[in-house]
file start-v2.pdb (PDB, C-alpha atoms)
MODEL        1
ATOM      1  CA  MET A 129      33.415 -30.211   5.056
ATOM      2  CA  VAL A 130      35.499 -27.691   3.100
ATOM      3  CA  PHE A 131      33.846 -25.564   0.436
ATOM      4  CA  SER A 132      35.504 -23.784  -2.467
ATOM      5  CA  LEU A 133      34.282 -20.868  -4.528
ATOM      6  CA  THR A 134      35.754 -19.174  -7.556
ATOM      7  CA  SER A 135      35.973 -15.390  -7.640
ATOM      8  CA  THR A 136      33.457 -15.270 -10.495
ATOM      9  CA  ALA A 137      30.808 -17.548  -8.979
ATOM     10  CA  SER A 138      27.759 -15.606  -7.858
ATOM     11  CA  PHE A 139      25.762 -15.980  -4.669
ATOM     12  CA  PRO A 140      22.804 -14.123  -3.135
ATOM     13  CA  CYS A 141      22.823 -11.285  -0.634
ATOM     14  CA  TYR A 142      20.320  -8.723   0.623
ATOM     15  CA  MET A 143      21.577  -5.405  -0.698
ATOM     16  CA  VAL A 144      20.511  -1.954   0.477
ATOM     17  CA  ARG A 145      21.063   0.900  -1.979
ATOM     18  CA  LYS A 146      20.481   4.655  -1.928
ATOM     19  CA  GLY A 147      19.651   6.406  -5.176
ATOM     20  CA  ALA A 148      20.704   9.838  -6.354
ATOM     21  CA  ASP A 149      17.280  11.082  -5.244
ATOM     22  CA  GLY A 150      17.954   9.900  -1.681
ATOM     23  CA  ARG A 151      15.495   7.026  -1.823
ATOM     24  CA  VAL A 152      16.547   3.783  -0.171
ATOM     25  CA  SER A 153      15.741   0.416  -1.739
ATOM     26  CA  ALA A 154      16.567  -3.119  -0.648
ATOM     27  CA  GLY A 155      16.333  -6.537  -2.222
ATOM     28  CA  VAL A 156      18.086  -9.763  -3.114
ATOM     29  CA  GLU A 157      21.003  -9.401  -5.519
ATOM     30  CA  ALA A 158      23.734 -11.676  -6.846
ATOM     31  CA  ILE A 159      27.325 -10.742  -6.033
ATOM     32  CA  THR A 160      30.721 -12.470  -6.199
ATOM     33  CA  ILE A 161      33.637 -12.937  -3.830
ATOM     34  CA  ASP A 162      35.401 -10.019  -5.509
ATOM     35  CA  ASP A 163      32.556  -7.719  -4.416
ATOM     36  CA  LEU A 164      33.074  -8.448  -0.709
ATOM     37  CA  PRO A 165      35.024  -6.032   1.501
ATOM     38  CA  ALA A 166      38.542  -6.919   2.592
ATOM     39  CA  GLY A 167      39.208  -9.303   5.449
ATOM     40  CA  ASP A 168      41.418 -12.142   6.650
ATOM     41  CA  VAL A 169      38.811 -14.896   6.566
ATOM     42  CA  LEU A 170      36.119 -15.897   4.062
ATOM     43  CA  VAL A 171      33.132 -17.648   5.665
ATOM     44  CA  ARG A 172      30.328 -19.544   3.992
ATOM     45  CA  VAL A 173      27.248 -18.401   5.939
ATOM     46  CA  ALA A 174      24.805 -21.052   7.099
ATOM     47  CA  TYR A 175      22.612 -18.730   9.175
ATOM     48  CA  SER A 176      22.248 -15.109  10.140
ATOM     49  CA  SER A 177      19.427 -13.602  12.187
ATOM     50  CA  LEU A 178      17.126 -10.604  12.101
ATOM     51  CA  ASN A 179      17.687  -8.035  14.845
ATOM     52  CA  TYR A 180      16.141  -4.602  15.360
ATOM     53  CA  LYS A 181      19.416  -2.995  14.248
ATOM     54  CA  ASP A 182      19.273  -5.031  11.022
ATOM     55  CA  ALA A 183      15.780  -3.744  10.340
ATOM     56  CA  LEU A 184      17.037  -0.172  10.729
ATOM     57  CA  ALA A 185      19.934  -0.943   8.387
ATOM     58  CA  SER A 186      17.516  -2.367   5.833
ATOM     59  CA  GLN A 187      15.793   1.022   5.860
ATOM     60  CA  GLY A 188      19.121   2.825   5.366
ATOM     61  CA  HIS A 189      19.041   4.334   8.859
ATOM     62  CA  PRO A 190      21.983   6.788   9.092
ATOM     63  CA  GLY A 191      22.724   5.750  12.652
ATOM     64  CA  VAL A 192      23.543   2.232  11.447
ATOM     65  CA  VAL A 193      24.542   2.370   7.781
ATOM     66  CA  ARG A 194      27.699   4.353   7.124
ATOM     67  CA  SER A 195      27.808   4.039   3.325
ATOM     68  CA  PHE A 196      25.940   2.540   0.385
ATOM     69  CA  PRO A 197      25.553   0.000  -1.086
ATOM     70  CA  HIS A 198      25.282  -2.040   2.089
ATOM     71  CA  VAL A 199      24.535  -5.608   3.220
ATOM     72  CA  PRO A 200      22.909  -5.777   6.705
ATOM     73  CA  GLY A 201      23.235  -8.605   9.212
ATOM     74  CA  ILE A 202      25.034  -7.994  12.514
ATOM     75  CA  ASP A 203      25.682 -11.678  13.117
ATOM     76  CA  CYS A 204      26.253 -14.933  11.260
ATOM     77  CA  ALA A 205      27.557 -18.462  11.687
ATOM     78  CA  GLY A 206      29.042 -20.850   9.183
ATOM     79  CA  THR A 207      32.170 -22.512   7.848
ATOM     80  CA  VAL A 208      35.566 -21.055   6.968
ATOM     81  CA  VAL A 209      36.300 -21.292   3.230
ATOM     82  CA  GLU A 210      39.588 -19.396   3.028
ATOM     83  CA  SER A 211      41.833 -17.940   5.735
ATOM     84  CA  ALA A 212      44.933 -15.785   5.795
ATOM     85  CA  SER A 213      45.019 -16.162   9.588
ATOM     86  CA  SER A 214      46.804 -18.979  11.399
ATOM     87  CA  ASP A 215      43.943 -19.004  13.916
ATOM     88  CA  PHE A 216      41.431 -20.442  11.456
ATOM     89  CA  ARG A 217      41.521 -23.076   8.751
ATOM     90  CA  PRO A 218      39.104 -24.057   5.976
ATOM     91  CA  GLY A 219      36.392 -26.248   7.427
ATOM     92  CA  ASP A 220      36.349 -24.592  10.857
ATOM     93  CA  GLU A 221      32.866 -23.790  12.140
ATOM     94  CA  VAL A 222      32.700 -20.231  13.434
ATOM     95  CA  LEU A 223      30.361 -17.454  14.523
ATOM     96  CA  ILE A 224      30.581 -13.687  14.254
ATOM     97  CA  THR A 225      28.604 -11.131  16.251
ATOM     98  CA  GLY A 226      29.126  -7.421  16.698
ATOM     99  CA  TYR A 227      32.175  -5.340  15.823
ATOM    100  CA  GLU A 228      31.364  -3.554  12.537
ATOM    101  CA  LEU A 229      29.564  -6.480  10.909
ATOM    102  CA  GLY A 230      26.374  -5.204   9.309
ATOM    103  CA  ALA A 231      27.296  -1.571  10.124
ATOM    104  CA  SER A 232      30.341  -0.141   8.361
ATOM    105  CA  HIS A 233      31.199  -3.623   7.057
ATOM    106  CA  TRP A 234      28.934  -5.797   4.903
ATOM    107  CA  GLY A 235      27.090  -8.248   7.084
ATOM    108  CA  GLY A 236      25.528 -11.664   7.365
ATOM    109  CA  PHE A 237      22.559 -11.318   4.996
ATOM    110  CA  SER A 238      24.765 -12.949   2.388
ATOM    111  CA  ALA A 239      25.807 -16.474   1.442
ATOM    112  CA  HIS A 240      29.429 -15.442   2.141
ATOM    113  CA  VAL A 241      31.148 -12.848   4.321
ATOM    114  CA  ARG A 242      34.768 -11.794   4.536
ATOM    115  CA  VAL A 243      35.887 -10.339   7.855
ATOM    116  CA  PRO A 244      38.939  -9.678  10.046
ATOM    117  CA  ALA A 245      40.027 -12.764  11.994
ATOM    118  CA  ALA A 246      39.790 -10.774  15.250
ATOM    119  CA  TRP A 247      36.005 -10.664  14.887
ATOM    120  CA  ILE A 248      35.583 -14.428  14.709
ATOM    121  CA  VAL A 249      34.732 -16.833  17.529
ATOM    122  CA  ARG A 250      35.318 -20.540  17.053
ATOM    123  CA  LEU A 251      32.002 -22.353  17.439
ATOM    124  CA  PRO A 252      31.765 -24.021  20.867
ATOM    125  CA  ALA A 253      31.716 -27.805  20.464
ATOM    126  CA  GLU A 254      28.392 -28.017  22.311
ATOM    127  CA  LEU A 255      26.592 -25.765  19.795
ATOM    128  CA  SER A 256      25.545 -26.247  16.180
ATOM    129  CA  VAL A 257      25.790 -23.292  13.800
ATOM    130  CA  ARG A 258      21.987 -23.107  13.859
ATOM    131  CA  GLU A 259      21.852 -22.994  17.657
ATOM    132  CA  ALA A 260      24.558 -20.333  17.678
ATOM    133  CA  MET A 261      22.363 -18.102  15.521
ATOM    134  CA  ILE A 262      19.205 -18.792  17.491
ATOM    135  CA  TYR A 263      21.202 -17.082  20.204
ATOM    136  CA  GLY A 264      22.977 -14.653  17.869
ATOM    137  CA  THR A 265      23.479 -11.072  18.966
ATOM    138  CA  ALA A 266      20.235 -11.198  20.962
ATOM    139  CA  GLY A 267      21.264 -14.201  23.022
ATOM    140  CA  PHE A 268      24.755 -12.817  23.477
ATOM    141  CA  THR A 269      23.243  -9.545  24.744
ATOM    142  CA  ALA A 270      20.808 -11.362  27.037
ATOM    143  CA  ALA A 271      23.651 -13.377  28.560
ATOM    144  CA  GLN A 272      25.661 -10.207  29.183
ATOM    145  CA  CYS A 273      22.648  -8.742  30.994
ATOM    146  CA  VAL A 274      22.372 -11.810  33.211
ATOM    147  CA  LYS A 275      26.128 -11.721  33.797
ATOM    148  CA  ALA A 276      25.888  -8.107  35.010
ATOM    149  CA  ILE A 277      23.286  -9.138  37.591
ATOM    150  CA  VAL A 278      25.144 -12.237  38.753
ATOM    151  CA  GLU A 279      28.461 -10.413  39.075
ATOM    152  CA  ARG A 280      26.887  -7.915  41.465
ATOM    153  CA  GLY A 281      26.085 -10.739  43.851
ATOM    154  CA  ILE A 282      22.344 -10.704  43.209
ATOM    155  CA  GLY A 283      21.256 -14.316  43.503
ATOM    156  CA  PRO A 284      17.800 -15.904  43.218
ATOM    157  CA  ASP A 285      17.303 -15.488  46.977
ATOM    158  CA  ARG A 286      17.304 -11.683  46.654
ATOM    159  CA  GLY A 287      13.875 -11.508  45.062
ATOM    160  CA  PRO A 288      12.186 -11.304  41.648
ATOM    161  CA  VAL A 289      13.897 -10.096  38.499
ATOM    162  CA  ILE A 290      11.857  -8.202  35.903
ATOM    163  CA  VAL A 291      12.465  -8.457  32.149
ATOM    164  CA  THR A 292      10.938  -5.915  29.759
ATOM    165  CA  GLY A 293      10.270  -6.620  26.092
ATOM    166  CA  ALA A 294      10.063 -10.244  27.155
ATOM    167  CA  THR A 295       8.702 -11.616  23.871
ATOM    168  CA  GLY A 296      11.575 -10.139  21.848
ATOM    169  CA  GLY A 297      14.838 -11.875  21.047
ATOM    170  CA  VAL A 298      16.862 -10.484  23.963
ATOM    171  CA  GLY A 299      13.965 -10.579  26.412
ATOM    172  CA  SER A 300      12.854 -14.142  25.714
ATOM    173  CA  ILE A 301      16.365 -15.557  26.045
ATOM    174  CA  ALA A 302      16.959 -13.513  29.212
ATOM    175  CA  VAL A 303      13.757 -14.962  30.703
ATOM    176  CA  ALA A 304      14.892 -18.503  29.878
ATOM    177  CA  ILE A 305      18.437 -18.077  31.234
ATOM    178  CA  LEU A 306      17.298 -16.406  34.460
ATOM    179  CA  ALA A 307      14.651 -19.074  35.045
ATOM    180  CA  LYS A 308      17.229 -21.833  34.462
ATOM    181  CA  LEU A 309      19.458 -20.228  37.096
ATOM    182  CA  GLY A 310      16.585 -20.300  39.591
ATOM    183  CA  TYR A 311      15.422 -16.689  39.533
ATOM    184  CA  ASP A 312      11.789 -15.696  40.025
ATOM    185  CA  VAL A 313      11.204 -13.971  36.669
ATOM    186  CA  ALA A 314       8.532 -11.356  35.987
ATOM    187  CA  ALA A 315       8.089 -10.929  32.233
ATOM    188  CA  VAL A 316       6.691  -7.699  30.789
ATOM    189  CA  THR A 317       4.846  -7.750  27.469
ATOM    190  CA  GLY A 318       1.988  -6.116  25.616
ATOM    191  CA  LYS A 319       1.208  -9.373  23.792
ATOM    192  CA  ALA A 320      -1.485 -11.193  25.753
ATOM    193  CA  LYS A 321      -1.409 -14.141  23.338
ATOM    194  CA  GLN A 322       2.156 -14.919  24.395
ATOM    195  CA  TYR A 323       1.560 -15.302  28.124
ATOM    196  CA  GLU A 324       1.591 -19.116  28.054
ATOM    197  CA  TRP A 325       4.688 -19.139  25.825
ATOM    198  CA  LEU A 326       6.517 -16.937  28.338
ATOM    199  CA  ARG A 327       5.514 -19.286  31.137
ATOM    200  CA  ARG A 328       6.992 -22.193  29.173
ATOM    201  CA  LEU A 329      10.237 -20.219  28.976
ATOM    202  CA  GLY A 330      10.205 -19.950  32.760
ATOM    203  CA  ALA A 331       8.410 -16.722  33.667
ATOM    204  CA  LYS A 332       6.508 -16.999  36.963
ATOM    205  CA  THR A 333       4.716 -13.655  36.654
ATOM    206  CA  ILE A 334       3.436 -11.855  33.548
ATOM    207  CA  LEU A 335       2.944  -8.086  33.624
ATOM    208  CA  ASN A 336       1.342  -5.839  31.069
ATOM    209  CA  ARG A 337       3.738  -3.134  29.928
ATOM    210  CA  ASP A 338       1.374  -0.467  31.328
ATOM    211  CA  GLU A 339       2.425  -1.688  34.784
ATOM    212  CA  VAL A 340       5.957  -0.388  34.230
ATOM    213  CA  ASN A 341       5.021   2.931  32.688
ATOM    214  CA  ASP A 342       4.729   5.341  35.620
ATOM    215  CA  ASP A 343       4.566   8.951  34.424
ATOM    216  CA  SER A 344       4.579  10.562  37.866
ATOM    217  CA  ASP A 345       7.389  12.815  39.028
ATOM    218  CA  ARG A 346       8.021  10.781  42.194
ATOM    219  CA  PRO A 347      11.778  10.220  42.510
ATOM    220  CA  LEU A 348      11.286   6.767  44.053
ATOM    221  CA  LEU A 349       8.528   4.164  43.777
ATOM    222  CA  GLN A 350       7.743   1.145  45.917
ATOM    223  CA  ALA A 351      10.705  -1.244  45.771
ATOM    224  CA  ARG A 352       9.664  -4.427  43.963
ATOM    225  CA  TRP A 353      12.594  -5.903  42.039
ATOM    226  CA  ALA A 354      15.960  -7.287  43.033
ATOM    227  CA  ALA A 355      17.205  -6.692  39.507
ATOM    228  CA  ALA A 356      16.031  -6.088  35.961
ATOM    229  CA  VAL A 357      16.851  -6.712  32.328
ATOM    230  CA  ASP A 358      15.522  -3.769  30.344
ATOM    231  CA  THR A 359      15.396  -4.080  26.561
ATOM    232  CA  VAL A 360      13.211  -1.060  25.783
ATOM    233  CA  GLY A 361      14.549   2.084  27.497
ATOM    234  CA  GLY A 362      12.442   5.237  27.845
ATOM    235  CA  ARG A 363       9.791   5.539  30.524
ATOM    236  CA  PRO A 364       9.733   1.806  31.402
ATOM    237  CA  LEU A 365      13.434   1.989  32.262
ATOM    238  CA  ALA A 366      12.866   5.107  34.374
ATOM    239  CA  THR A 367       9.978   3.365  36.148
ATOM    240  CA  ILE A 368      12.012   0.267  36.907
ATOM    241  CA  LEU A 369      15.020   2.239  38.176
ATOM    242  CA  ARG A 370      12.720   3.855  40.715
ATOM    243  CA  SER A 371      11.300   0.432  41.687
ATOM    244  CA  VAL A 372      14.464  -1.587  42.308
ATOM    245  CA  GLU A 373      15.382  -2.788  45.785
ATOM    246  CA  HIS A 374      18.417  -1.546  47.694
ATOM    247  CA  ARG A 375      21.667  -2.495  45.947
ATOM    248  CA  GLY A 376      19.783  -3.825  42.953
ATOM    249  CA  CYS A 377      20.989  -3.813  39.358
ATOM    250  CA  VAL A 378      19.311  -2.869  36.091
ATOM    251  CA  ALA A 379      20.997  -4.124  32.921
ATOM    252  CA  ALA A 380      19.901  -1.882  30.041
ATOM    253  CA  CYS A 381      20.379  -2.732  26.376
ATOM    254  CA  GLY A 382      17.559  -1.223  24.268
ATOM    255  CA  LEU A 383      15.693   1.915  23.283
ATOM    256  CA  VAL A 384      12.538   0.977  21.366
ATOM    257  CA  ALA A 385      10.454   2.832  23.987
ATOM    258  CA  GLY A 386      12.687   5.913  23.773
ATOM    259  CA  ALA A 387      16.269   7.066  24.091
ATOM    260  CA  ALA A 388      15.594   9.730  26.749
ATOM    261  CA  LEU A 389      15.861   8.772  30.420
ATOM    262  CA  GLU A 390      13.962  11.005  32.834
ATOM    263  CA  VAL A 391      15.073   9.978  36.301
ATOM    264  CA  THR A 392      16.647  11.666  39.325
ATOM    265  CA  VAL A 393      19.805  10.527  41.095
ATOM    266  CA  TYR A 394      17.772   9.226  44.072
ATOM    267  CA  PRO A 395      17.685   5.553  43.007
ATOM    268  CA  PHE A 396      21.471   5.638  42.805
ATOM    269  CA  ILE A 397      22.336   7.573  45.952
ATOM    270  CA  LEU A 398      19.561   6.401  48.296
ATOM    271  CA  ARG A 399      19.119   2.787  47.186
ATOM    272  CA  GLY A 400      22.551   2.216  45.674
ATOM    273  CA  VAL A 401      21.039   0.975  42.415
ATOM    274  CA  THR A 402      23.432   0.096  39.601
ATOM    275  CA  LEU A 403      22.507   0.922  36.015
ATOM    276  CA  ALA A 404      24.644  -1.409  33.920
ATOM    277  CA  GLY A 405      24.826  -0.484  30.256
ATOM    278  CA  ILE A 406      25.216  -3.479  27.948
ATOM    279  CA  ASP A 407      27.000  -3.027  24.631
ATOM    280  CA  SER A 408      27.459  -6.116  22.483
ATOM    281  CA  ALA A 409      29.296  -4.870  19.412
ATOM    282  CA  LYS A 410      32.517  -3.903  21.212
ATOM    283  CA  CYS A 411      32.497  -6.419  24.031
ATOM    284  CA  PRO A 412      36.153  -7.268  24.845
ATOM    285  CA  ARG A 413      37.263 -10.608  23.450
ATOM    286  CA  PRO A 414      37.987 -12.396  26.790
ATOM    287  CA  GLU A 415      34.485 -11.577  28.039
ATOM    288  CA  ARG A 416      33.013 -12.437  24.624
ATOM    289  CA  LEU A 417      34.517 -15.921  24.759
ATOM    290  CA  GLU A 418      33.381 -16.388  28.358
ATOM    291  CA  VAL A 419      29.785 -15.483  27.473
ATOM    292  CA  TRP A 420      29.723 -17.941  24.578
ATOM    293  CA  ARG A 421      31.086 -20.673  26.853
ATOM    294  CA  LYS A 422      28.242 -20.020  29.272
ATOM    295  CA  LEU A 423      25.613 -20.041  26.488
ATOM    296  CA  ALA A 424      26.961 -23.379  25.283
ATOM    297  CA  GLY A 425      27.214 -24.810  28.786
ATOM    298  CA  GLU A 426      25.722 -23.911  32.165
ATOM    299  CA  TRP A 427      23.421 -21.196  30.768
ATOM    300  CA  ARG A 428      22.290 -23.172  27.731
ATOM    301  CA  VAL A 429      18.627 -22.479  26.960
ATOM    302  CA  ASP A 430      16.631 -25.710  26.837
ATOM    303  CA  GLN A 431      13.755 -24.165  24.884
ATOM    304  CA  LEU A 432      15.699 -22.885  21.842
ATOM    305  CA  ALA A 433      13.330 -24.688  19.469
ATOM    306  CA  GLU A 434      10.400 -22.718  20.922
ATOM    307  CA  ILE A 435      12.072 -19.359  20.393
ATOM    308  CA  VAL A 436      12.829 -19.462  16.670
ATOM    309  CA  ASP A 437      11.268 -18.845  13.258
ATOM    310  CA  GLU A 438      13.199 -19.270   9.994
ATOM    311  CA  ILE A 439      13.068 -17.225   6.781
ATOM    312  CA  THR A 440      14.967 -16.798   3.513
ATOM    313  CA  LEU A 441      16.384 -13.592   2.056
ATOM    314  CA  ASP A 442      13.268 -13.120  -0.076
ATOM    315  CA  GLU A 443      11.112 -12.985   3.045
ATOM    316  CA  LEU A 444      13.163 -10.268   4.735
ATOM    317  CA  PRO A 445      11.098  -7.217   3.628
ATOM    318  CA  ASP A 446       7.939  -8.449   5.381
ATOM    319  CA  HIS A 447       9.806  -9.431   8.528
ATOM    320  CA  VAL A 448      11.695  -6.136   8.634
ATOM    321  CA  GLN A 449       8.349  -4.352   8.815
ATOM    322  CA  LYS A 450       7.123  -6.738  11.492
ATOM    323  CA  ILE A 451      10.102  -6.280  13.782
ATOM    324  CA  LEU A 452       9.930  -2.489  13.406
ATOM    325  CA  ALA A 453       6.251  -2.679  14.379
ATOM    326  CA  GLY A 454       7.010  -4.864  17.413
ATOM    327  CA  GLN A 455       5.215  -7.868  15.946
ATOM    328  CA  VAL A 456       8.067 -10.395  16.015
ATOM    329  CA  VAL A 457       8.167 -12.962  18.814
ATOM    330  CA  GLY A 458      11.434 -14.628  19.797
ATOM    331  CA  ARG A 459      14.211 -15.039  17.248
ATOM    332  CA  THR A 460      14.152 -15.028  13.453
ATOM    333  CA  LEU A 461      16.843 -16.999  11.654
ATOM    334  CA  VAL A 462      17.817 -15.793   8.183
ATOM    335  CA  VAL A 463      18.985 -18.495   5.777
ATOM    336  CA  PRO A 464      21.109 -16.842   3.070
ATOM    337  CA  ARG A 465      19.365 -18.414   0.116
ATOM    338  CA  THR A 466      16.373 -17.429  -1.980
ATOM    339  CA  VAL A 467      12.989 -19.135  -2.192
ATOM    340  CA  ASN A 468      14.118 -20.828  -5.407
ATOM    341  CA  GLY A 469      17.415 -21.960  -3.937
TER     342      GLY A 469
ENDMDL
END
call {"tool": "encode", "arguments": {"input": "start-v2.pdb", "output": "structure tokens"}}
result
Amino acid sequence: MVFSLTSTASFPCYMVRKGADGRVSAGVEAITIDDLPAGDVLVRVAYSSLNYKDALASQGHPGVVRSFPHVPGIDCAGTVVESASSDFRPGDEVLITGYELGASHWGGFSAHVRVPAAWIVRLPAELSVREAMIYGTAGFTAAQCVKAIVERGIGPDRGPVIVTGATGGVGSIAVAILAKLGYDVAAVTGKAKQYEWLRRLGAKTILNRDEVNDDSDRPLLQARWAAAVDTVGGRPLATILRSVEHRGCVAACGLVAGAALEVTVYPFILRGVTLAGIDSAKCPRPERLEVWRKLAGEWRVDQLAEIVDEITLDELPDHVQKILAGQVVGRTLVVPRTVNG
């Protein structure tokens, strides 16, 4: 289906503004196509999703938002409306994650986005636009973490793999992918009510986050894990690095527990541990396409329906506070409409 939109027709977005007094405010506003930043392709957004980075942007965090006014949303999926690129035509279903979307460029919390063609990925035939955004940036990041482990030759026979922040978007999808591939997954969470949910995703062992929070100055701890997906950083990451088996790998992609990393070189030079940093925004295009092929195919998560909640733009303020407080479980889809339509 091909949609058309005149330059004067209005549509909703979630706009973040900063007043002359320095105060940041955010809410639903009506804008037009002419208000959007420049780009090769205009996309009608069916879904975006709420990520931790989006919550920071909604608060006007200077590390995310470069200028005001600003529309957050670091990912989206929908249908091409207009295209100046020969790579895409009106009616094509596409997805966008990373690059500058939702950072220096207005993002997916809008009924329409206009972006450079180089940022766009054609929707894999096996995925719907909704499924693509249940994955979104979180699923894309989780898959990159798993890829880092697999590419280092660490198979399920090597031993258990630990996943921190397991009830979050990245963590929950990482648990599900690893379990599907046959790994013995240990999921770390502080949410006791979600233990059974994590088991349904495939976790064999559930650990309280206190169990990966060693504050001793010992350079190495008892080796327990063949590999790890760490979504939180800080002391848990330092603890896990000291607890990984010889030639293990830790894929790190988050910092909610802290940006500092207090660890010696011993895990790296005595056990040969690899610390693999995972960056999603600037992932090279060939690898980006490969990851999406895996998410649509052999790594497809069977429990996507169990991972997702769905909200409108009007409901964003409450959910922004929840994700900042660590109260969100799984993925939150954002439908770019208001409660009244």
call {"tool": "residues_around", "arguments": {"input": "start-v2.pdb", "residues": "Val463 in chain A", "least_positions_apart": "4", "cutoff": "8 Å", "atoms": "only C-alpha atoms", "output": "list in words"}}
result
Ala174, Tyr175, Ser176, Glu438, Ile439, Thr440 and Leu441 of chain A
call {"tool": "closest_atom_pairs", "arguments": {"input": "start-v2.pdb", "of": "range 399-437 of chain A", "to": "range 303-309 of chain A", "cutoff": "12 Å", "atoms": "all atoms listed in the file", "output": "CSV"}}
result
residue,atom,partner,partner_atom,distance
A:Lys422,CA,A:Ile305,CA,10.2
A:Leu423,CA,A:Ile305,CA,8.8
A:Ala424,CA,A:Ile305,CA,11.7
A:Gly425,CA,A:Ile305,CA,11.3
A:Glu426,CA,A:Leu309,CA,8.8
A:Trp427,CA,A:Ile305,CA,5.9
A:Arg428,CA,A:Ile305,CA,7.3
A:Val429,CA,A:Ile305,CA,6.1
A:Asp430,CA,A:Ala304,CA,8.0
A:Gln431,CA,A:Ala304,CA,7.6
A:Leu432,CA,A:Ala304,CA,9.2
A:Glu434,CA,A:Ala304,CA,10.9
A:Ile435,CA,A:Ala304,CA,9.9
call {"tool": "resolve_selection", "arguments": {"input": "start-v2.pdb", "expression": "the PyMOL selection byres ((chain A and resi 292) around 6)", "output": "VMD selection string"}}
result
chain A and resid 291 293 to 294 316 358 to 359
call {"tool": "atom_distance", "arguments": {"input": "start-v2.pdb", "atom1": "CA of His374 in chain A", "atom2": "CA of Gly400 in chain A"}}
result
5.9 Å
call {"tool": "closest_residue", "arguments": {"input": "start-v2.pdb", "among": "A:Gly188, A:Gly386, A:Pro165, A:Pro218", "to": "Gly361 in chain A", "atoms": "all atoms listed in the file"}}
result
A:Gly386
call {"tool": "residues_around", "arguments": {"input": "start-v2.pdb", "residues": "Glu390 in chain A", "least_positions_apart": "5", "cutoff": "9 Å", "atoms": "all atoms listed in the file", "output": "PyMOL selection string"}}
result
chain A and resi 362-363+366
call {"tool": "resolve_selection", "arguments": {"input": "start-v2.pdb", "expression": "the PyMOL selection byres ((chain A and resi 154) around 12)", "output": "MDAnalysis selection string"}}
result
chainID A and resid 141:147 151:153 155:157 183:188 196:200 237 441:446 448
call {"tool": "residues_around", "arguments": {"input": "start-v2.pdb", "residues": "Leu461 in chain A", "least_positions_apart": "6", "cutoff": "10 Å", "atoms": "all atoms listed in the file", "output": "ChimeraX atom specification"}}
result
/A:175-179,204,258-259,261-264,436-440
call {"tool": "write_last_selection", "arguments": {"input": "start-v2.pdb", "atoms": "C-alpha atoms", "output": "mmCIF file, in the frame of the given file"}}
result
data_model
loop_
_atom_site.group_PDB
_atom_site.id
_atom_site.type_symbol
_atom_site.label_atom_id
_atom_site.label_comp_id
_atom_site.auth_asym_id
_atom_site.auth_seq_id
_atom_site.Cartn_x
_atom_site.Cartn_y
_atom_site.Cartn_z
ATOM 1 C CA TYR A 175 22.612 -18.730 9.175
ATOM 2 C CA SER A 176 22.248 -15.109 10.140
ATOM 3 C CA SER A 177 19.427 -13.602 12.187
ATOM 4 C CA LEU A 178 17.126 -10.604 12.101
ATOM 5 C CA ASN A 179 17.687 -8.035 14.845
ATOM 6 C CA CYS A 204 26.253 -14.933 11.260
ATOM 7 C CA ARG A 258 21.987 -23.107 13.859
ATOM 8 C CA GLU A 259 21.852 -22.994 17.657
ATOM 9 C CA MET A 261 22.363 -18.102 15.521
ATOM 10 C CA ILE A 262 19.205 -18.792 17.491
ATOM 11 C CA TYR A 263 21.202 -17.082 20.204
ATOM 12 C CA GLY A 264 22.977 -14.653 17.869
ATOM 13 C CA VAL A 436 12.829 -19.462 16.670
ATOM 14 C CA ASP A 437 11.268 -18.845 13.258
ATOM 15 C CA GLU A 438 13.199 -19.270 9.994
ATOM 16 C CA ILE A 439 13.068 -17.225 6.781
ATOM 17 C CA THR A 440 14.967 -16.798 3.513
#
call {"tool": "closest_residue", "arguments": {"input": "start-v2.pdb", "among": "A:Ser214, A:Pro347, A:Arg459, A:Gly236", "to": "Gly299 in chain A", "atoms": "only C-alpha atoms"}}
result
A:Arg459
call {"tool": "closest_residue", "arguments": {"input": "start-v2.pdb", "among": "A:Phe396, A:Trp247, A:Tyr180, A:Phe268", "to": "Val419 in chain A", "atoms": "all atoms listed in the file"}}
result
A:Phe268
call {"tool": "atom_distance", "arguments": {"input": "start-v2.pdb", "atom1": "CA of Gly296 in chain A", "atom2": "CA of Thr392 in chain A"}}
result
28.4 Å
call {"tool": "closest_residue", "arguments": {"input": "start-v2.pdb", "among": "A:Asp312, A:Ser211, A:Glu339, A:Ala148", "to": "Arg327 in chain A", "atoms": "only C-alpha atoms"}}
result
A:Asp312
call {"tool": "atom_distance", "arguments": {"input": "start-v2.pdb", "atom1": "CA of Val393 in chain A", "atom2": "CA of Arg346 in chain A"}}
result
11.8 Å
call {"tool": "residues_around", "arguments": {"input": "start-v2.pdb", "residues": "Pro364 in chain A", "least_positions_apart": "6", "cutoff": "12 Å", "atoms": "all atoms listed in the file", "output": "VMD selection string"}}
result
chain A and resid 290 to 293 316 to 317 336 to 343 356 to 358 370 to 371 378 380 382 to 391
call {"tool": "closest_residue", "arguments": {"input": "start-v2.pdb", "among": "A:Leu170, A:Ile282, A:Ala271, A:Ala404", "to": "Ala245 in chain A", "atoms": "all atoms listed in the file"}}
result
A:Leu170
call {"tool": "axis_aligned_box", "arguments": {"input": "start-v2.pdb", "around": "range 260-266 of chain A", "padding_each_side": "5 Å", "output": "lines of an AutoDock Vina configuration file"}}
result
center_x = 21.9
center_y = -15.7
center_z = 18.2
size_x = 15.4
size_y = 19.3
size_z = 15.4
call {"tool": "resolve_selection", "arguments": {"input": "start-v2.pdb", "expression": "the PyMOL selection byres ((chain A and resi 192) around 9)", "output": "number ranges by chain"}}
result
A: 181-182, 184-185, 188-191, 193-194, 230-232
call {"tool": "closest_residue", "arguments": {"input": "start-v2.pdb", "among": "A:Gly226, A:Gly206, A:Phe139, A:Val372", "to": "Ser408 in chain A", "atoms": "all atoms listed in the file"}}
result
A:Gly226
